[in-house]
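J.: Provided herewith: input.txt, compact mmCIF, C-alpha atoms.
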# COMPACT_ATOMS: atom_id res chain seq x y z
CA MET A 525 14.01 -49.07 23.08
CA THR A 526 11.82 -46.03 22.67
CA ASN A 527 10.57 -46.39 26.21
CA ILE A 528 14.13 -46.58 27.48
CA GLY A 529 15.09 -43.49 25.47
CA ASN A 530 12.10 -41.59 26.78
CA ALA A 531 13.00 -42.61 30.30
CA TYR A 532 16.55 -41.33 29.81
CA SER A 533 15.24 -38.04 28.40
CA LEU A 534 12.85 -37.63 31.32
CA GLY A 535 15.66 -38.31 33.70
CA ASP A 536 17.83 -35.71 31.98
CA ASN A 537 15.05 -33.14 32.22
CA LYS A 538 14.56 -33.88 35.90
CA ALA A 539 18.27 -33.52 36.49
CA GLN A 540 18.39 -30.20 34.65
CA SER A 541 15.40 -28.61 36.43
CA PRO A 542 16.24 -27.63 40.01
CA SER A 543 13.99 -29.11 42.62
CA PRO A 544 12.12 -26.81 45.01
CA ASP A 545 13.76 -28.52 47.98
CA ILE A 546 17.20 -27.39 46.80
CA THR A 547 16.08 -23.75 46.39
CA ILE A 548 14.52 -23.78 49.85
CA GLU A 549 17.76 -25.10 51.31
CA GLU A 550 19.74 -22.37 49.50
CA ASP A 551 17.45 -19.68 50.93
CA GLU A 552 17.85 -21.16 54.39
CA THR A 553 21.63 -21.12 54.08
CA LYS A 554 21.53 -17.47 52.97
CA GLU A 555 19.38 -16.55 55.94
CA GLN A 556 21.71 -18.46 58.26
CA SER A 557 24.74 -16.62 56.84
CA LYS A 558 22.97 -13.28 57.39
CA ARG A 559 22.18 -14.29 60.95
CA ILE A 560 25.81 -15.27 61.48
CA THR A 561 27.06 -11.86 60.28
CA ILE A 562 24.52 -10.06 62.47
CA GLY A 563 25.54 -12.27 65.37
CA GLU A 564 29.20 -11.45 64.78
CA ASP A 565 28.44 -7.71 64.92
CA GLU A 566 26.47 -8.19 68.13
CA THR A 567 29.26 -10.25 69.68
CA LYS A 568 31.76 -7.53 68.79
CA GLU A 569 29.61 -4.94 70.54
CA GLN A 570 29.12 -7.26 73.51
CA SER A 571 32.83 -7.94 73.73
CA ASN A 572 33.51 -4.21 73.77
CA GLN A 573 31.01 -3.72 76.57
CA THR A 574 32.18 -6.72 78.60
CA SER A 575 35.56 -5.00 78.93
CA TYR A 576 33.76 -2.01 80.46
CA SER A 577 32.98 -1.48 84.11
CA PRO A 578 29.33 -0.77 85.06
CA LEU A 579 30.07 2.96 85.09
CA LEU A 580 31.56 2.80 81.60
CA ILE A 581 28.55 0.80 80.36
CA ALA A 582 26.22 3.48 81.74
CA ALA A 583 28.31 6.18 80.07
CA SER A 584 28.36 4.37 76.72
CA ASN A 585 24.57 4.00 76.74
CA GLY A 586 23.94 7.54 78.00
CA ILE A 587 22.10 6.50 81.19
CA VAL A 588 22.52 9.71 83.13
CA GLU A 589 20.71 8.59 86.32
CA ILE A 590 22.95 5.56 86.86
CA PHE A 591 26.01 7.63 86.04
CA ASP A 592 25.16 10.28 88.64
CA ASN A 593 24.21 7.79 91.36
CA MET A 594 27.34 5.67 90.89
CA LEU A 595 29.60 8.71 91.15
CA LYS A 596 27.81 9.82 94.31
CA VAL A 597 28.40 6.43 95.94
CA TYR A 598 31.89 5.81 94.52
CA PRO A 599 33.55 8.95 93.09
CA GLN A 600 36.81 7.09 92.40
CA GLY A 601 35.01 5.18 89.65
CA ILE A 602 35.70 8.08 87.32
CA GLU A 603 39.29 6.82 87.10
CA HIS A 604 38.35 3.36 85.76
CA ILE A 605 39.74 2.29 82.40
CA SER A 606 38.80 -0.57 80.10
CA LYS A 607 41.00 -3.32 78.67
CA ASP A 608 41.75 -1.03 75.73
CA GLU A 609 42.97 1.63 78.20
CA GLN A 610 39.99 3.83 77.50
CA ASN A 611 38.69 6.02 80.30
CA ILE A 612 35.17 7.31 80.76
CA LEU A 613 35.79 10.35 78.57
CA HIS A 614 36.96 8.15 75.68
CA VAL A 615 33.82 6.01 75.99
CA ALA A 616 31.40 8.95 76.19
CA ILE A 617 32.97 10.70 73.20
CA SER A 618 33.17 7.54 71.11
CA HIS A 619 29.47 6.76 71.68
CA ARG A 620 28.43 10.43 71.16
CA GLN A 621 26.89 10.76 74.62
CA ARG A 622 26.68 14.51 74.98
CA GLU A 623 24.97 14.62 78.36
CA ILE A 624 27.69 12.45 79.90
CA PHE A 625 30.30 14.66 78.25
CA LYS A 626 28.71 17.77 79.80
CA ARG A 627 28.87 16.24 83.27
CA ILE A 628 32.51 15.20 82.91
CA LYS A 629 33.44 18.60 81.52
CA LYS A 630 32.15 20.26 84.71
CA MET A 631 34.70 18.29 86.75
CA LYS A 632 37.48 20.88 86.51
CA MET A 633 39.94 18.96 88.69
CA ILE A 634 40.00 15.81 86.58
CA ILE A 635 39.04 16.85 83.04
CA ASN A 636 42.61 17.68 81.97
CA ARG A 637 43.93 14.30 83.13
CA LEU A 638 41.12 12.41 81.40
CA ALA A 639 41.50 14.40 78.17
CA SER A 640 45.27 13.80 77.93
CA ARG A 641 45.07 9.99 78.10
CA ILE A 642 45.86 7.87 75.01
CA ASP A 643 44.53 4.32 74.61
CA ASN A 644 46.39 1.26 73.29
CA LYS A 645 45.50 2.11 69.66
CA GLY A 646 47.23 5.46 70.01
CA TYR A 647 43.86 7.24 69.95
CA THR A 648 43.30 10.53 71.70
CA ILE A 649 39.76 11.66 72.50
CA LEU A 650 39.82 13.53 69.18
CA HIS A 651 40.57 10.26 67.37
CA HIS A 652 37.46 8.78 69.00
CA VAL A 653 35.38 11.60 67.50
CA ALA A 654 36.74 10.71 64.07
CA ASP A 655 36.19 6.97 64.58
CA MET A 656 32.72 5.85 63.43
CA SER A 657 32.77 2.31 64.82
CA ASN A 658 30.34 3.31 67.59
CA TYR A 659 28.40 5.85 65.50
CA HIS A 660 24.78 4.87 64.92
CA GLY A 661 23.42 8.15 63.59
CA ARG A 662 21.11 10.60 65.30
CA ASN A 663 17.63 11.96 64.74
CA GLN A 664 18.60 14.42 62.04
CA PRO A 665 16.49 15.18 58.94
CA GLY A 666 19.25 14.39 56.42
CA PRO A 667 22.89 13.38 55.89
CA ALA A 668 23.97 17.02 55.61
CA PHE A 669 22.79 17.78 59.13
CA GLN A 670 24.31 14.53 60.41
CA LEU A 671 27.67 15.59 59.00
CA GLN A 672 27.23 19.06 60.49
CA LEU A 673 26.58 17.49 63.90
CA GLU A 674 29.76 15.41 63.59
CA LEU A 675 31.81 18.47 62.64
CA LYS A 676 30.43 20.41 65.60
CA TRP A 677 31.20 17.46 67.87
CA PHE A 678 34.78 17.42 66.59
CA GLU A 679 35.13 21.15 67.22
CA ARG A 680 33.62 20.87 70.68
CA VAL A 681 35.96 18.08 71.80
CA GLN A 682 38.97 19.87 70.32
CA ARG A 683 38.53 22.72 72.80
CA ILE A 684 39.33 20.57 75.84
CA ILE A 685 42.42 18.71 74.61
CA PRO A 686 45.99 20.00 74.71
CA THR A 687 46.89 21.92 71.57
CA HIS A 688 49.73 19.61 70.52
CA TYR A 689 47.36 16.61 70.54
CA VAL A 690 45.83 17.87 67.29
CA MET A 691 48.94 16.68 65.43
CA HIS A 692 49.23 13.40 67.37
CA HIS A 693 49.51 10.27 65.17
CA ASP A 694 47.91 6.98 66.13
CA LYS A 695 49.58 3.60 65.58
CA LYS A 696 48.49 3.69 61.92
CA GLY A 697 50.17 7.07 61.48
CA MET A 698 47.01 9.15 61.11
CA THR A 699 46.17 12.45 62.77
CA PRO A 700 42.60 13.08 64.03
CA HIS A 701 41.79 15.24 61.00
CA GLU A 702 43.02 12.58 58.57
CA LEU A 703 41.09 9.86 60.38
CA PHE A 704 37.96 12.02 60.38
CA GLU A 705 38.13 12.60 56.63
CA THR A 706 38.66 8.90 55.83
CA GLU A 707 35.97 7.65 58.21
CA HIS A 708 33.38 10.23 57.14
CA ALA A 709 34.00 9.99 53.39
CA GLU A 710 30.86 7.93 52.80
CA LEU A 711 28.75 10.29 54.89
CA LEU A 712 30.18 13.23 52.91
CA GLU A 713 29.10 11.63 49.63
CA LYS A 714 25.59 11.04 50.96
CA ALA A 715 25.41 14.62 52.22
CA GLN A 716 26.55 16.01 48.86
CA LYS A 717 23.99 13.98 46.94
CA TRP A 718 21.16 14.77 49.37
CA ILE A 719 21.72 18.52 49.50
CA LYS A 720 22.04 18.77 45.70
CA GLU A 721 18.79 16.89 45.08
CA THR A 722 16.97 18.82 47.81
CA SER A 723 18.16 22.20 46.51
CA GLN A 724 17.20 21.37 42.93
CA SER A 725 13.68 20.23 43.82
CA CYS A 726 13.07 23.15 46.19
CA SER A 727 14.35 25.70 43.70
CA ALA A 728 11.91 24.33 41.11
CA VAL A 729 9.04 24.72 43.57
CA SER A 730 10.16 28.26 44.43
CA VAL A 731 10.26 29.26 40.76
CA LEU A 732 6.78 27.81 40.27
CA VAL A 733 5.41 29.79 43.23
CA ALA A 734 7.08 32.98 41.97
CA THR A 735 5.53 32.48 38.52
CA VAL A 736 2.04 32.02 39.95
CA VAL A 737 2.33 35.01 42.27
CA PHE A 738 3.75 37.26 39.55
CA ALA A 739 0.86 36.39 37.25
CA ALA A 740 -1.66 37.00 40.07
CA ALA A 741 -0.31 40.51 40.57
CA TYR A 742 -1.51 41.51 37.07
CA THR A 743 -4.84 39.70 37.40
CA ILE A 744 -6.62 42.03 39.83
CA PRO A 745 -9.62 40.41 41.58
CA GLY A 746 -12.89 42.16 40.73
CA GLY A 747 -11.52 43.90 37.64
CA ASN A 748 -11.12 47.63 36.96
CA ASP A 749 -13.53 50.46 36.31
CA LEU A 750 -13.48 52.76 33.27
CA SER A 751 -10.70 54.90 34.72
CA GLY A 752 -8.48 51.86 35.34
CA ARG A 753 -8.80 51.81 39.11
CA PRO A 754 -9.55 48.47 40.80
CA ASN A 755 -13.15 48.06 41.83
CA PHE A 756 -12.24 46.75 45.31
CA ILE A 757 -9.47 49.24 46.04
CA ASN A 758 -11.21 50.50 49.18
CA SER A 759 -11.74 47.03 50.61
CA PRO A 760 -9.36 45.82 53.35
CA PHE A 761 -9.22 42.42 51.68
CA PHE A 762 -7.75 44.04 48.56
CA LEU A 763 -4.96 45.62 50.62
CA PHE A 764 -4.38 42.27 52.32
CA PHE A 765 -4.20 40.55 48.90
CA THR A 766 -1.64 43.08 47.65
CA VAL A 767 0.61 42.76 50.69
CA MET A 768 0.52 38.95 50.70
CA ASP A 769 1.24 38.82 46.98
CA VAL A 770 4.29 41.07 47.31
CA VAL A 771 5.61 39.15 50.35
CA SER A 772 5.13 35.83 48.57
CA LEU A 773 7.00 37.02 45.48
CA ALA A 774 9.89 38.39 47.56
CA CYS A 775 10.19 35.22 49.67
CA SER A 776 10.02 32.85 46.71
CA LEU A 777 12.65 34.74 44.68
CA THR A 778 14.95 35.01 47.71
CA SER A 779 14.62 31.26 48.34
CA VAL A 780 15.57 30.63 44.70
CA VAL A 781 18.72 32.69 45.23
CA MET A 782 19.56 30.70 48.38
CA PHE A 783 19.11 27.34 46.67
CA LEU A 784 21.17 28.43 43.66
CA SER A 785 23.95 29.58 45.98
CA ILE A 786 23.94 26.10 47.53
CA LEU A 787 24.28 24.45 44.12
CA SER A 788 27.14 26.76 43.10
CA SER A 789 29.14 26.36 46.35
CA PRO A 790 31.88 23.74 46.92
CA PHE A 791 30.77 20.69 48.90
CA GLU A 792 33.70 20.23 51.26
CA TYR A 793 33.80 19.44 54.96
CA GLU A 794 34.18 23.06 56.05
CA ASN A 795 31.15 24.08 53.96
CA PHE A 796 28.95 21.55 55.75
CA HIS A 797 30.00 22.93 59.12
CA ARG A 798 27.90 26.10 58.97
CA SER A 799 27.43 27.57 55.51
CA LEU A 800 25.42 24.97 53.58
CA PRO A 801 23.01 23.90 56.38
CA ARG A 802 22.34 27.55 57.23
CA LYS A 803 21.54 28.38 53.59
CA LEU A 804 19.29 25.33 53.34
CA ARG A 805 17.36 26.27 56.48
CA ILE A 806 16.92 29.85 55.28
CA GLY A 807 15.75 28.63 51.86
CA PHE A 808 13.25 26.22 53.44
CA THR A 809 11.92 28.95 55.73
CA LEU A 810 11.47 31.43 52.87
CA LEU A 811 9.79 28.76 50.74
CA PHE A 812 7.41 27.98 53.60
CA PHE A 813 6.53 31.68 53.99
CA SER A 814 6.02 32.05 50.24
CA VAL A 815 3.59 29.11 50.15
CA THR A 816 1.78 30.46 53.21
CA THR A 817 1.38 33.99 51.83
CA THR A 818 0.30 32.60 48.45
CA MET A 819 -2.55 30.70 50.05
CA LEU A 820 -3.49 33.75 52.13
CA SER A 821 -3.65 35.93 49.02
CA PHE A 822 -5.82 33.25 47.39
CA ALA A 823 -8.15 33.36 50.42
CA ALA A 824 -8.32 37.16 50.20
CA THR A 825 -9.27 36.91 46.51
CA ILE A 826 -12.09 34.50 47.29
CA PHE A 827 -13.35 36.79 50.05
CA LEU A 828 -13.38 39.73 47.63
CA ILE A 829 -15.43 37.79 45.13
CA LEU A 830 -17.88 36.25 47.63
CA HIS A 831 -18.03 39.06 50.21
CA PHE A 832 -21.73 39.69 49.53
CA GLU A 833 -22.71 36.14 50.51
CA ARG A 834 -22.88 35.57 54.26
CA LYS A 835 -23.01 31.79 54.23
CA THR A 836 -21.07 29.75 56.75
CA TRP A 837 -20.14 27.03 54.31
CA THR A 838 -18.22 29.47 52.10
CA SER A 839 -16.04 30.70 54.95
CA THR A 840 -15.43 27.15 56.17
CA LEU A 841 -14.44 26.03 52.68
CA ILE A 842 -12.13 29.01 52.25
CA TYR A 843 -10.37 28.40 55.58
CA THR A 844 -9.87 24.72 54.80
CA ALA A 845 -8.60 25.34 51.27
CA SER A 846 -6.23 28.07 52.47
CA PHE A 847 -4.53 26.33 55.34
CA LEU A 848 -4.56 22.67 54.24
CA PRO A 849 -1.53 22.92 51.88
CA VAL A 850 0.38 25.02 54.40
CA THR A 851 -0.33 22.55 57.19
CA MET A 852 0.73 19.57 55.08
CA PHE A 853 3.95 21.32 54.03
CA ALA A 854 4.74 22.20 57.65
CA LEU A 855 4.11 18.64 58.85
CA MET A 856 6.29 17.14 56.11
CA GLN A 857 9.18 19.48 56.94
CA PHE A 858 8.74 19.35 60.73
CA PRO A 859 12.02 17.44 61.42
CA LEU A 860 13.98 20.14 59.63
CA TYR A 861 12.33 22.89 61.64
CA ALA A 862 12.85 20.89 64.84
CA SER A 863 16.60 20.86 64.22
CA PHE A 864 16.43 24.54 63.29
CA THR A 865 14.73 25.38 66.60
CA ASN A 866 17.38 23.40 68.50
CA THR A 867 20.19 25.41 66.92
CA LEU A 868 18.23 28.62 67.50
CA GLN A 869 17.85 27.78 71.20
CA THR A 870 21.57 27.14 71.60
CA LEU A 871 22.32 30.42 69.81
CA ILE A 872 19.95 32.31 72.12
CA LYS A 873 21.57 30.72 75.19
CA LYS A 874 25.02 31.84 74.02
CA ILE A 875 23.77 35.38 73.39
CA VAL A 876 22.13 35.53 76.82
CA LYS A 877 25.32 34.30 78.52
CA LYS A 878 27.39 36.95 76.75
CA THR A 879 24.94 39.74 77.47
CA LEU A 880 24.67 38.80 81.14
CA SER A 881 28.41 38.56 81.69
CA PRO A 882 29.88 40.79 84.45
CA LYS A 883 31.77 42.89 81.91
CA ILE A 884 28.57 44.09 80.25
CA VAL A 885 26.54 44.67 83.43
CA PRO A 886 27.01 48.28 84.71
CA ARG A 887 29.03 48.85 87.86
CA PHE A 888 26.17 50.21 89.93
CA LEU A 889 24.17 46.99 89.25
CA ARG A 890 26.94 44.62 90.28
CA THR A 891 26.85 43.12 93.78
CA ARG A 892 29.86 43.93 95.88
CA LYS A 893 31.20 41.28 98.20
CA GLY A 894 31.68 42.22 101.77
CA LYS A 895 29.55 45.35 101.56
CA ASN A 896 27.19 44.24 104.33
CA HIS A 897 30.01 43.53 106.81
Any chance you could put this one into structure tokens?

T.:
Amino acid sequence: MTNIGNAYSLGDNKAQSPSPDITIEEDETKEQSKRITIGEDETKEQSNQTSYSPLLIAASNGIVEIFDNMLKVYPQGIEHISKDEQNILHVAISHRQREIFKRIKKMKMIINRLASRIDNKGYTILHHVADMSNYHGRNQPGPAFQLQLELKWFERVQRIIPTHYVMHHDKKGMTPHELFETEHAELLEKAQKWIKETSQSCSAVSVLVATVVFAAAYTIPGGNDLSGRPNFINSPFFLFFTVMDVVSLACSLTSVVMFLSILSSPFEYENFHRSLPRKLRIGFTLLFFSVTTTMLSFAATIFLILHFERKTWTSTLIYTASFLPVTMFALMQFPLYASFTNTLQTLIKKIVKKTLSPKIVPRFLRTRKGKNH
């Protein structure tokens, strides 16, 4: 009887403990379900593209060469529409293909007709900007700059549509602005969280740099003589140390002000359009200059102390120690400065276009037509 009881107890224990085969099968079923969901997303994208003509597929993927060659061979292809009654402008705007959009915008004869079309969902081209079903993000350094790019894209497309289309409702009863706010609500939350955390951490670094530089201003390298004058006051390195210390203190304190203004500002859509990203770029730039000038003032101090020794290893060590932190900081923040240079280039292009307009050029420099005849 005892053996039978022990056998029953062993059987109960085996029944209670899950076998490894069952856990493996559960993991396999989870992986299969994930593959099914991924496959469903891929089939949705494929079904959207199967309804496109080859020209619309090239426009949705941003293949400029195929787009140009197909229009050269068959210009009437610009009039093609998909099963959802979307033309090539709808597809380019929905997939955020800016180069395709530029080429279509240059077609003055057809742009108004393409921009005034509405698809079977009741979407205008401005609704397609607000819709994020085909949005896959871009190479931007953070969610705040991604949201800024979407707001600029919305503003850019709004310029080419008829004015009354701004208040047009789709089949769900939503205007483009309402659809934009609902679709980009998650991106707005990410942008708010990212810019708050970034401003807080950068402001702490700026305060730390300002504290170090302020203390260095009262700790004169080389000391003072009996009259209170610095011993190295006639050295050019002392003047260089003083200038770099003052510039570093000014840049660090100004960057603190910029980051605090970001934290105290409202985080709405209109603030992410220009104000908050501009303040963040200015704060980053000032922080970078403050770190750079701090290391340069440190290098000047070392030169003042070791200026009697003419050894090569001291100069090599000083150069490495001075520029290594600055180089690392620049490399870590390179994506931010890359986006800053892109916006700066577009701003310069706009300024050049305005300055070179015929209204600004003097009359005696303008070319007169028919003068040679």

J.: Residues within 10 Å of Arg641 of chain A, please, as number ranges by chain. Count only C-alpha atoms; anything in the same chain fewer than 2 positions from it doesn't count.

T.: A: 609-611, 613-614, 636-639, 643, 646-649, 685

J.: Write out as a list of chain:residue names each polymer residue whose atoms come within 9 Å of segment 787-796 of chain A, counting only C-alpha atoms; drop sequence neighbours fewer than 3 positions from it.

T.: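 With the cut-off at 9 Å, the set is A:Ala668, A:Phe669, A:Leu671, A:Gln672, A:Leu675, A:Glu705, A:Leu712, A:Ala715, A:Gln716, A:Ile719, A:Lys720, A:Ser723, A:Gln724, A:Met782, A:Phe783, A:Leu784, A:Ser799, A:Leu800, A:Pro801.
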
J.: Would you export the selected residues with C-alpha atoms as a PDB file, in the coordinates of the input, please?

T.:
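The file below, part.pdb, is the result:
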ATOM      1  CA  ALA A 668      23.970  17.020  55.610  1.00  0.00           C
ATOM      2  CA  PHE A 669      22.790  17.780  59.130  1.00  0.00           C
ATOM      3  CA  LEU A 671      27.670  15.590  59.000  1.00  0.00           C
ATOM      4  CA  GLN A 672      27.230  19.060  60.490  1.00  0.00           C
ATOM      5  CA  LEU A 675      31.810  18.470  62.640  1.00  0.00           C
ATOM      6  CA  GLU A 705      38.130  12.600  56.630  1.00  0.00           C
ATOM      7  CA  LEU A 712      30.180  13.230  52.910  1.00  0.00           C
ATOM      8  CA  ALA A 715      25.410  14.620  52.220  1.00  0.00           C
ATOM      9  CA  GLN A 716      26.550  16.010  48.860  1.00  0.00           C
ATOM     10  CA  ILE A 719      21.720  18.520  49.500  1.00  0.00           C
ATOM     11  CA  LYS A 720      22.040  18.770  45.700  1.00  0.00           C
ATOM     12  CA  SER A 723      18.160  22.200  46.510  1.00  0.00           C
ATOM     13  CA  GLN A 724      17.200  21.370  42.930  1.00  0.00           C
ATOM     14  CA  MET A 782      19.560  30.700  48.380  1.00  0.00           C
ATOM     15  CA  PHE A 783      19.110  27.340  46.670  1.00  0.00           C
ATOM     16  CA  LEU A 784      21.170  28.430  43.660  1.00  0.00           C
ATOM     17  CA  SER A 799      27.430  27.570  55.510  1.00  0.00           C
ATOM     18  CA  LEU A 800      25.420  24.970  53.580  1.00  0.00           C
ATOM     19  CA  PRO A 801      23.010  23.900  56.380  1.00  0.00           C
TER      20      PRO A 801
END

J.: At a cut-off of 9 Å around the point (-10.8, 43.9, 40.9) (file coordinates), what residues fall inside when counting only C-alpha atoms? I'd like the answer as a list in words.

T.: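 I get Thr743, Ile744, Pro745, Gly746, Gly747, Asn748, Asp749, Arg753, Pro754, Asn755, Phe756, Ile757, Phe762, Leu828 and Ile829 of chain A for the residues within 9 Å of that point.
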
J.: Pick from A:Thr818, A:Gln670, A:Ser640, A:Ser779: nearest to His797 of chain A, with only C-alpha atoms counted?

T.: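 Of the candidates, the smallest distance to His797 of chain A is held by A:Gln670.
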
J.: Any idea what the distance is between atom CA of Glu702 of chain A and atom CA of His688 of chain A?

T.: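 We find that atom CA of Glu702 of chain A and atom CA of His688 of chain A lie 15.4 Å from each other.
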
J.: When you draw a straight line from atom CA of Phe761 of chain A to atom CA of Val729 of chain A, how long is it in Å?

T.: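 Interatomic distance, atom CA of Phe761 of chain A to atom CA of Val729 of chain A: 26.7 Å.
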
J.: Extending 4 Å beyond the listed atoms of segment 575-585 of chain A on each side, what axis-aligned box results? I want centre and edge lengths in Å to one decimal, as lines of an AutoDock Vina configuration file.

T.:
center_x = 30.1
center_y = 0.6
center_z = 80.9
size_x = 19.0
size_y = 19.2
size_z = 16.4

J.: Quick check, in Å to one decimal: how far apart do atom CA of Ser814 of chain A and atom CA of Ala774 of chain A lie?

T.: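 Value for the atom CA of Ser814 of chain A-atom CA of Ala774 of chain A distance: 7.9 Å.
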
J.: Return the single residue from A:Arg622, A:His708, A:Lys629, A:Lys695 that is closest to Arg683 of chain A, with distances computed using all atoms listed in the file.

T.: A:Lys629

J.: Please determine, counting all atoms listed in the file, which residue among A:Val653, A:Leu703, A:Ile587, A:Leu811 has the shortest atom-to-atom distance to Arg680 of chain A.

T.: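 Closest to Arg680 of chain A of all the choices is A:Val653.
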
J.: Near Val736 of chain A, counting only C-alpha atoms, which residues have an atom at most 9 Å away, once you skip same-chain residues fewer than 5 positions from it, shown as a list in words?

T.: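 Once the adjacent positions are removed, what remains is Val731, Ala741, Leu773 and Thr818 of chain A.
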
J.: Choose the residue, out of A:Met691, A:Ile684, A:Tyr598, A:Phe808, that has the smallest atom-to-atom separation from Lys630 of chain A; count all atoms listed in the file.

T.: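 Closest candidate: A:Ile684.
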
J.: Restricting the calculation to all atoms listed in the file, which member of A:Ile624, A:Leu732, A:Ile602, A:Ile617 is positioned closest to Gly586 of chain A?

T.: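 Among A:Ile624, A:Leu732, A:Ile602, A:Ile617, it is A:Ile624 that comes nearest to Gly586 of chain A.
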